[in-house]
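These notes concern the structure reproduced below.
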Protein chains: 2
Amino acid sequence: MEATEYMTGELCDGTTPYCKFKENEGKVISIKGAIHNIRDMSDFAFIILRTARELIQCVYSPEFSDYRMAENVVEQASAKITGKVVKSQTRDGSERFEIQIHNIEILSVPAAIPPVVISKKKVNCDLNVDLDYRPVTMRNPAERAVFKIQEGIQRGFREYLSKNGFTEIHTPKINFAGAEGGTNVFKLDYFGKTVFLAQSPQLYKQALVPVYERVFEIGPVFRAEHHDTSRHLNEYISMDFEMGFIDSFTDIMEMETGVLKYIMELLKTEYAPEVELLKVDIPAIDKIPCIRFKDAKQLCVKKLKNITDMKDFEPEEEAFLGKWAKQQYGSDFLFVTHYLSKKRPFYTMDDPEDPEVTLSFDLLFRGIEITSGGQRIHDYNMQVEKMKRLGMNPEEFETYLMLHKYGAPPHGGLGLGLERLTMHLLGFKNVRYAAMFPRDINRVTP
Amino acid sequence: MEATEYMTGELCDGTTPYCKFKENEGKVISIKGAIHNIRDMSDFAFIILRTARELIQCVYSPEFSDYRMAENVVEQASAKITGKVVKSQTRDGSERFEIQIHNIEILSVPAAIPPVVISKKKVNCDLNVDLDYRPVTMRNPAERAVFKIQEGIQRGFREYLSKNGFTEIHTPKINFAGAEGGTNVFKLDYFGKTVFLAQSPQLYKQALVPVYERVFEIGPVFRAEHHDTSRHLNEYISMDFEMGFIDSFTDIMEMETGVLKYIMELLKTEYAPEVELLKVDIPAIDKIPCIRFKDAKQLCVKKLKNITDMKDFEPEEEAFLGKWAKQQYGSDFLFVTHYLSKKRPFYTMDDPEDPEVTLSFDLLFRGIEITSGGQRIHDYNMQVEKMKRLGMNPEEFETYLMLHKYGAPPHGGLGLGLERLTMHLLGFKNVRYAAMFPRDINRVTP
């Protein structure tokens with residue numbers, strides 16, 4: 001018995017990507033894609049082929065097409081088009097190339113016409129209809145560009161941290177306890193036991209600091225919050241990092257500043273087609289100003305009316321602070337530091353100079369919070385005491401406390417919601433535009 | 001009100017990584033890490049400092065140490081050590097560097113001695129004890145090396161596919177239906193509705209083929225299988241890809257071959273310290289032989305006794321085929337193709353030349369299956385008919401079938417379990433050694 005075939009890892013289907021059109025001008029090449037749009041001009045026709053990132057204009061004309069237009073040449077059919085690469089006429093004088101069709105080979109045909117029009121610049125329908133038909137509406141170039149940019153954001157986060165000595169981790173989503181206490185967690189029957197879906201990788205990423213010093217994770221988290229707002233999702237992608245051997249909690253803010261600079265640069269270069277298509281206003285990041293919570297609060301009290309909650313910010317105050325940072329420092333970002341101890345989670349390090357406040361921060365982007373982070377308690381006795389003070393039972397956190405008990409370096413970290421950052425970068429009013437298949441209190445489909 | 005501080009993304013703590021020791025020979029530098037081991041030799045002492053990827057030997061001696069050894073210099077304490085870089089004496093004559101300690105600054109101290117010894121070459125305890133104390137046992141260099149290599153595997157998968165035009169996706173883990181039908185799924189109460197945890201990103205990754213042509217995902221999947229074996233986990237990391245516009249299902253096998261070659265090369269270069277520490281036998285991949293299921297079955301029947309199931313393989317048969325591939329072709333890998341139609345999922349494309357078999361494959365690695373993949377049905381009517389033939393109700397798959405109804409190119413893909421590949425690459429007998437925090441029918445902690 002002999003193996004008749006071998007796989008070598010070589011793969012070539014003979015097609016030519018658009019980026020190679022210029023060097024193939026005048027030559028006959030093949031491309032594959034979906035027929036995105038057909039415009040019949042009576043004596044000739046434009047067939048717009050949709051590839052992974054481009055729309056390629058192909059021209060059908062009896063002048064140079066041997067092929068006879070057939071019934072199965074329809075929108076959403078998959079096709080292989082062979083023809084000559086020629087420079088196309090563009091209104092703005094930019095250099096573009098098109099294909100003079102010699103032949104069309106149809107690879108598959110749809111069974112029905114899409115229920116929403118996806119070949120226009122934008123999908124013009126109600127958000128709920130859009131979401132109901134996401135497998136179809138995402139074929140629209142503007143819609144898919146959103147999630148290509150989202151890919152760029154998480155890729156930038158990963159690449160920058162990897163270059164800076166971080167190890168990528170994947171921690172379990174089935175947890176025996178909720179990270180931030182018992183509320184807002186989804187419960188699950190697990191072979192007769194009640195377990196929880198991870199609200200955050202917090203406890204695991206901290207546990208791995210004495211192992212790898214610096215770790216990050218990009219993965220789903222689940223929050224059973226009963227909110228029906230434009231900002232909440234019940235499942236989202238959290239980008240988390242945690243770093244050990246910090247000298248100050250500002251080390252975490254410096255690292256985040258580096259991450260954000262890298263992401264924005266990556267989007268401008270590697271994601272230029274999508275940035276241009278969506279006219280994304282990429283923020284310039286030079287240096288990010290920092291202000292203490294209590295100073296920021298004073299600013300708000302001075303400029304805004306009816307401020308009653310002195311312990312936290314209302315969205316209105318964050319919006320004001322965002323404008324202030326832009327006017328005063330020309331910055332789209334603002335770090336607010338030293339939040340009140342009673343408003344931060346049990347693992348947050350209090351400021352030794354003022355235990356009422358913490359070594360923590362939020363990052364505002366254009367007036368909206370996109371990150372919470374800070375230094376964590378690394379000393380065992382300090383953590384146990386804080387838990388007791390907060391009415392928690394340290395015995396329930398035995399495995400978590402192994403971290404502190406058996407030695408942990410000074411450390412801290414942060415979490416950054418991928419959909420929320422995408423939303424604010426693209427200027428959406430609703431986070432659902434920035435989630436491929438959003439999960440909210442009313443929606444678990446498609 | 002003025003911001004008093006700015007973040008610029010610059011971060012430098014003044015320490016010198018081990019890779020820069022050579023160029024700093026004879027100079028006084030600082031390093032930070034955990035005290036991994038102390039060996040007191042009466043008139044001098046070795047302090048082994050554990051950094052993210054190294055163990056660094058530091059020598060304490062009254063001859064050159066101003067510092068007086070204090071009580072808090074204990075194992076698992078975090079420390080900053082300052083001293084002179086000198087060439088060390090090694091038995092094998094290789095070039096290594098150590099630190100002559102001038103000063104030790106203790107950054108944090110543990111509250112207790114670890115319950116298991118982690119400073120030896122290996123953690124010598126029962127698997128269950130090891131897992132109970134994972135936050136501690138993973139500090140052992142051999143143990144953490146396992147998951148550093150695991151990082152390398154998933155990184156190689158991602159990098160190779162990204163270079164080949166794939167888009168990274170993150171699809172929802174809260175699903176309205178199980179991908180492979182209703183069995184073995186975890187159920188969840190979702191605001192009064194019953195929903196499921198994703199068994200696979202199958203239906204989503206297929207839906208995104210007409211959008212991005214090529215997509216991949218690295219993320220958790222959940223299987224409520226009631227098995228208690230050395231091979232099963234109830235939550236694991238699945239590496240999935242799906243590619244459109246294929247000419248044949250072998251395109252998927254070629255892509256996987258390319259992925260595996262890239263991963264192994266990456267491990268040999270970027271993960272050399274861990275590969276060396278664990279003495280990993282990295283397989284050489286030149287070309288991977290392919291054999292049809294029915295031919296492989298004949299081989300097994302000829303050579304093995306008591307083969308009764310003619311529709312699938314027993315583990316014993318896979319082991320035999322693995323040895324056969326090694327002897328016959330010198331290959332650690334073997335593709336087995338054309339599995340029986342009744343043994344593959346509903347979305348698998350049947351072979352037009354023989355509808356009893358499918359355009360599918362498994363990949364065996366050293367005689368154990370690590371991948372299942374194949375071409376999917378892209379035609380709407382073909383998929384609806386196959387569903388009906390299998391007794392499924394197409395109406396329950398309405399959103400899934402949008403893919404086919406509104407046009408999909410010929411496509412296919414595969415899934416690869418990260419823990420299982422790690423397990424077999426490292427030669428473990430139990431998959432739990434290759435899962436940081438395994439989830440099985442008896443374990444959801446830590």
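Residues in the structure tokens are numbered from 1 in each chain, the chains being A, B, ... in the order shown, and ligands are numbered from 1 in the order shown.
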Requested in this report: Pull the helix (DSSP H, G or I) assignments for region 346-409 of chain B out of DSSP run on the backbone, and list those residues as an MDAnalysis selection string.
Outcome: chainID B and resid 380:389 394:405
Contacts of Leu55 (chain B) at 12 Å (only C-alpha atoms; same-chain gap of 3+ positions) as a count of residues only: 30
I want to know what sits within 12 Å of Val209 (chain A), based on only C-alpha atoms, with residues of the same chain fewer than 5 positions away left out; could you give that as a PDB file with C-alpha atoms, in the first residue's frame?
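The new file out.pdb reads:
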```pdb
ATOM      1  CA  PHE A 166       4.437  39.524  27.858  1.00  0.00           C
ATOM      2  CA  THR A 167       3.244  35.926  27.601  1.00  0.00           C
ATOM      3  CA  GLU A 168      -0.165  35.265  26.033  1.00  0.00           C
ATOM      4  CA  ILE A 169      -2.476  33.190  28.220  1.00  0.00           C
ATOM      5  CA  GLN A 202      -8.573  38.920  36.928  1.00  0.00           C
ATOM      6  CA  LEU A 203      -7.751  36.190  39.441  1.00  0.00           C
ATOM      7  CA  TYR A 204      -5.999  33.981  36.893  1.00  0.00           C
ATOM      8  CA  ARG A 214       3.987  39.807  32.410  1.00  0.00           C
ATOM      9  CA  VAL A 215       0.878  38.220  30.905  1.00  0.00           C
ATOM     10  CA  PHE A 216      -2.013  39.210  28.687  1.00  0.00           C
ATOM     11  CA  PHE A 241      -2.816  42.563  30.890  1.00  0.00           C
ATOM     12  CA  GLU A 242      -1.041  42.206  34.190  1.00  0.00           C
ATOM     13  CA  MET A 243       2.597  43.072  34.903  1.00  0.00           C
ATOM     14  CA  GLY A 244       4.889  42.324  37.816  1.00  0.00           C
ATOM     15  CA  PHE A 245       7.865  44.112  39.341  1.00  0.00           C
ATOM     16  CA  ILE A 246       6.347  47.542  38.812  1.00  0.00           C
ATOM     17  CA  ARG A 376      -3.068  45.189  43.117  1.00  0.00           C
ATOM     18  CA  HIS A 378       0.551  41.674  46.673  1.00  0.00           C
ATOM     19  CA  LEU A 403      -0.722  34.028  44.877  1.00  0.00           C
ATOM     20  CA  HIS A 404      -0.086  36.260  47.889  1.00  0.00           C
ATOM     21  CA  GLY A 407       4.981  35.284  47.300  1.00  0.00           C
ATOM     22  CA  ALA A 408       4.021  37.785  44.622  1.00  0.00           C
ATOM     23  CA  PRO A 409       5.933  40.787  43.301  1.00  0.00           C
ATOM     24  CA  PRO A 410       4.380  44.268  43.274  1.00  0.00           C
ATOM     25  CA  HIS A 411       2.075  44.185  40.267  1.00  0.00           C
ATOM     26  CA  GLY A 412      -0.876  45.704  38.489  1.00  0.00           C
ATOM     27  CA  GLY A 413      -2.808  45.657  35.276  1.00  0.00           C
TER      28      GLY A 413
ATOM     29  CA  GLY B  33      13.006  38.468  39.947  1.00  0.00           C
ATOM     30  CA  ALA B  34      11.772  35.907  42.435  1.00  0.00           C
ATOM     31  CA  THR B  51      12.988  35.831  35.892  1.00  0.00           C
ATOM     32  CA  ALA B  52      10.297  35.440  33.229  1.00  0.00           C
ATOM     33  CA  SER B  78      10.678  39.176  45.135  1.00  0.00           C
ATOM     34  CA  PRO B 135      -0.760  28.889  40.903  1.00  0.00           C
ATOM     35  CA  VAL B 136       2.312  27.657  42.781  1.00  0.00           C
ATOM     36  CA  MET B 138       3.530  26.622  37.569  1.00  0.00           C
ATOM     37  CA  ARG B 139       6.386  28.647  39.020  1.00  0.00           C
ATOM     38  CA  ARG B 144       5.839  26.911  33.057  1.00  0.00           C
TER      39      ARG B 144
END
```
Spatial neighbours of Gly322 (chain A), max dist 8 Å, only C-alpha atoms, sep filter under 6 positions, as number ranges by chain: A: 332-334, 364-368
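Every protein, DNA or RNA residue with an atom at most 8 Å from Ile81 (chain B), where only C-alpha atoms count and chain neighbours fewer than 5 positions away do not, is listed here: Ser30, Ile31, Lys32, Ile101, His102, Asn103, Ile104 and Glu105 of chain B.
Distances here use only C-alpha atoms; by that measure, the residue among B:Arg432, B:His338, B:Lys80, B:Lys279 closest to chain A is B:Lys80.
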Practice task
Please return, as an NGL selection string, all residues of chain A lying within 6 Å of chain B when only C-alpha atoms are considered.
Solution key: :A and (3 or 5-9 or 52 or 76-78 or 108-112 or 114 or 135 or 139 or 176 or 188 or 207 or 211-213 or 254-255 or 257-258 or 287-291 or 399 or 405-407 or 409 or 444 or 446)
For Leu426 (chain A), list every protein, DNA or RNA residue within 9 Å, evaluated using only C-alpha atoms, and leave out those in the same chain fewer than 4 positions away; present the list as a ChimeraX atom specification. /A:146,278-282,421-422,434
Convert the current residue selection to file output with N, CA and C atoms, as a short mmCIF file (atom, residue, chain, number, x, y, z; two decimals), in the first residue's frame.
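Below is the file that was written, selection-v3.cif:
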```
data_model
loop_
_atom_site.label_atom_id
_atom_site.label_comp_id
_atom_site.auth_asym_id
_atom_site.auth_seq_id
_atom_site.Cartn_x
_atom_site.Cartn_y
_atom_site.Cartn_z
N VAL A 146 -15.53 47.56 9.73
CA VAL A 146 -15.58 47.78 11.18
C VAL A 146 -14.84 46.67 11.92
N LEU A 278 -14.00 54.15 6.11
CA LEU A 278 -14.89 54.58 7.20
C LEU A 278 -14.55 56.00 7.67
N LYS A 279 -13.58 56.61 7.04
CA LYS A 279 -13.12 57.95 7.44
C LYS A 279 -12.89 58.02 8.96
N VAL A 280 -12.12 57.07 9.45
CA VAL A 280 -11.86 56.99 10.89
C VAL A 280 -10.94 58.13 11.32
N ASP A 281 -11.34 58.80 12.36
CA ASP A 281 -10.53 59.88 12.92
C ASP A 281 -9.57 59.28 13.96
N ILE A 282 -8.39 58.85 13.48
CA ILE A 282 -7.40 58.20 14.36
C ILE A 282 -6.78 59.27 15.27
N LEU A 421 -13.92 50.09 22.76
CA LEU A 421 -12.88 50.91 22.13
C LEU A 421 -13.18 51.09 20.64
N THR A 422 -13.61 50.01 19.98
CA THR A 422 -13.97 50.09 18.57
C THR A 422 -15.10 51.11 18.37
N ALA A 434 -20.49 47.71 16.95
CA ALA A 434 -19.09 47.29 17.07
C ALA A 434 -18.97 45.85 17.57
#
```
Using only C-alpha atoms, the best pick from B:Met392, B:Met423, B:Leu161, B:Val384 as closest to Ile149 (chain B) would be B:Met423
